[in-house]
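First up is the structure itself, then whatever we jot down about it.
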Amino acid sequence: MVFDLDGTLVDTMTSLPEAYVAAIAELGGPELTVDELVGMWHLGPAPALLAHILGRAVTDDETERLYEHAAAAVESARPFPGVRELLRALRDDGVLLAVYTSATRRIADPMLAGSGLDGYFPVVVTGDQVADPKPAPDGLLHACRLLGVSASETAYVGDSETDLGCARAAGAAPVHARWSASSRSGHHPPAAYRPADVITVLSARRPLCEGSP
């Protein structure tokens with residue numbers, strides 16, 4: 001099972017966009033709302049997103065400024081209630097776990113470590129590792145290869161239509177994580193309204209692993 005990170009495993013969909021908005025304004029970009037910024041999340045990892053918004057190539061120093069603004073949000077990221085219990089149950093059941101996120105490695109690794117979730121995921125694929133961002137399937141397929149499984153044996157859990165489109169493009173089972181405020185704008189079945197529902201949703205399709213209900 002592969003998970004998105006922001007807005008699915010960890011609750012950063014206010015603090016991290018706010019940090020990006022502040023950095024963009026400081027770098028001479030347009031004044032954006034958090035919702036407008038989140039609507040551009042699918043454009044790719046931080047450097048690509050920044051270049052798109054500013055309408056020009058960005059320097060390493062400008063990208064570093066963005067990361068400096070984001071650092072506090074990354075360090076304070078916490079899992080949604082029930083996420084740890086879900087991951088523990090899946091791991092104990094023998095389910096292979098991975099993360100595929102649009103975030104860069106620079107963002108994803110400290111976010112997983114700070115939230116205490118890094119130990120659950122032997123495979124983490126980040127947006128700066130793939131050529132085409134979600135909803136293209138590249139990153140999810142790469143995660144499946146690293147896990148040693150086919151996409152058809154895999155579920156991808158995410159809070160956005162972009163995540164669900166990525167799952168469908170890869171041939172994986174999409175699961176809509178509805179426990180985040182960022183996911184409430186639409187209903188895309190199968191939906192999990194709390195983390196524990198993921199097991200129920202997937203069990204209704206097929207056993208998650210040998211011995212699962």
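Just remember, in the structure tokens the first chain shown is A, the second B, etc., residues are 1-based per chain, and ligands are 1-based in the order shown.
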Need the shell around A:Arg56: protein/DNA/RNA residues with any atom at most 12 Å away, counting only C-alpha atoms. Skip same-chain ones fewer than 4 positions apart. Format as a PyMOL selection string? chain A and resi 27-29+47-52+62
Would you output that residue set with N, CA and C atoms, as a short mmCIF file (atom, residue, chain, number, x, y, z; two decimals), in the first residue's frame?
```
data_model
loop_
_atom_site.label_atom_id
_atom_site.label_comp_id
_atom_site.auth_asym_id
_atom_site.auth_seq_id
_atom_site.Cartn_x
_atom_site.Cartn_y
_atom_site.Cartn_z
N LEU A 27 9.64 36.84 -2.41
CA LEU A 27 10.47 36.75 -3.61
C LEU A 27 9.89 37.54 -4.78
N GLY A 28 8.88 38.35 -4.50
CA GLY A 28 8.32 39.21 -5.54
C GLY A 28 7.20 38.59 -6.35
N GLY A 29 6.69 37.48 -5.89
CA GLY A 29 5.61 36.82 -6.60
C GLY A 29 4.25 37.39 -6.24
N PRO A 47 10.73 23.48 -6.20
CA PRO A 47 11.38 24.34 -7.20
C PRO A 47 10.53 24.56 -8.45
N ALA A 48 9.86 23.49 -8.92
CA ALA A 48 9.01 23.61 -10.11
C ALA A 48 7.80 24.49 -9.83
N LEU A 49 7.21 24.32 -8.66
CA LEU A 49 6.06 25.13 -8.27
C LEU A 49 6.45 26.60 -8.18
N LEU A 50 7.59 26.88 -7.57
CA LEU A 50 8.05 28.25 -7.42
C LEU A 50 8.32 28.89 -8.78
N ALA A 51 8.96 28.16 -9.67
CA ALA A 51 9.25 28.69 -11.00
C ALA A 51 7.97 28.99 -11.77
N HIS A 52 6.98 28.11 -11.63
CA HIS A 52 5.70 28.33 -12.32
C HIS A 52 5.03 29.60 -11.82
N GLU A 62 16.96 31.31 -4.07
CA GLU A 62 15.52 31.52 -3.94
C GLU A 62 14.83 30.24 -3.48
#
```
9 Å contact set for A:Asp6, only C-alpha atoms, chain neighbours under 3 positions out, as a ChimeraX atom specification: /A:9-13,16,101-103,108,158-159
Could the residues in this selection be written to a file with C-alpha atoms, as a compact mmCIF listing (two decimals), in the first residue's frame?
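Final output, part.txt:
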```txt
# COMPACT_ATOMS: atom_id res chain seq x y z
CA LEU A 9 -0.53 10.98 6.56
CA VAL A 10 0.40 14.31 8.14
CA ASP A 11 -1.61 17.45 8.81
CA THR A 12 0.32 20.17 6.97
CA MET A 13 -2.23 21.45 4.49
CA LEU A 16 3.01 24.39 4.77
CA THR A 101 4.67 12.38 -2.50
CA SER A 102 4.97 15.43 -4.73
CA ALA A 103 7.21 16.98 -2.08
CA ALA A 108 9.61 14.66 2.81
CA GLY A 158 -4.47 10.13 -1.17
CA ASP A 159 -6.56 13.18 -0.34
```
Just want the 12 Å neighbourhood of A:Pro45, counted on only C-alpha atoms, with same-chain residues fewer than 3 positions away dropped. Output as JSON, numbers by chain. {"A": [20, 40, 41, 42, 48, 49, 50, 51, 52, 63, 66, 67, 100, 101, 102, 103, 104, 105, 106, 107, 108, 125, 126, 127, 128, 129, 130, 131, 132, 133, 134]}
Kindly save the residues from that selection, with C-alpha atoms included, as a CSV table (one decimal), in the first residue's frame.
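Written file, result.csv:
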```csv
chain,number,residue,atom,x,y,z
A,20,TYR,CA,5.0,28.9,0.7
A,40,MET,CA,-1.3,24.4,-7.7
A,41,TRP,CA,0.2,21.5,-5.6
A,42,HIS,CA,0.0,19.1,-8.5
A,48,ALA,CA,9.0,23.6,-10.1
A,49,LEU,CA,6.1,25.1,-8.3
A,50,LEU,CA,8.1,28.3,-7.4
A,51,ALA,CA,9.3,28.7,-11.0
A,52,HIS,CA,5.7,28.3,-12.3
A,63,THR,CA,14.7,27.8,-3.6
A,66,LEU,CA,11.4,28.7,0.2
A,67,TYR,CA,12.8,25.8,2.2
A,100,TYR,CA,4.9,8.6,-3.0
A,101,THR,CA,4.7,12.4,-2.5
A,102,SER,CA,5.0,15.4,-4.7
A,103,ALA,CA,7.2,17.0,-2.1
A,104,THR,CA,11.0,17.0,-2.6
A,105,ARG,CA,13.3,14.8,-0.6
A,106,ARG,CA,14.4,17.9,1.3
A,107,ILE,CA,10.8,18.3,2.6
A,108,ALA,CA,9.6,14.7,2.8
A,125,VAL,CA,9.6,8.3,-3.6
A,126,THR,CA,9.6,12.0,-3.8
A,127,GLY,CA,8.5,14.5,-6.5
A,128,ASP,CA,12.1,15.4,-7.5
A,129,GLN,CA,12.8,11.8,-8.4
A,130,VAL,CA,10.3,11.6,-11.3
A,131,ALA,CA,10.1,13.5,-14.6
A,132,ASP,CA,6.3,13.8,-14.7
A,133,PRO,CA,4.3,14.8,-11.6
A,134,LYS,CA,0.9,13.4,-10.5
```
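The shortest atom-to-atom distance to A:Asp35, with only C-alpha atoms taken into account, belongs to A:Ala181 out of A:Ile199, A:Ala89, A:Ala136, A:Ala181.
Put simply, atom CA of A:His176 is 8.4 Å away from atom CA of A:Tyr193.
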Atom CA of A:Ala77 sits from atom CA of A:Asp4 at a separation of 14.3 Å
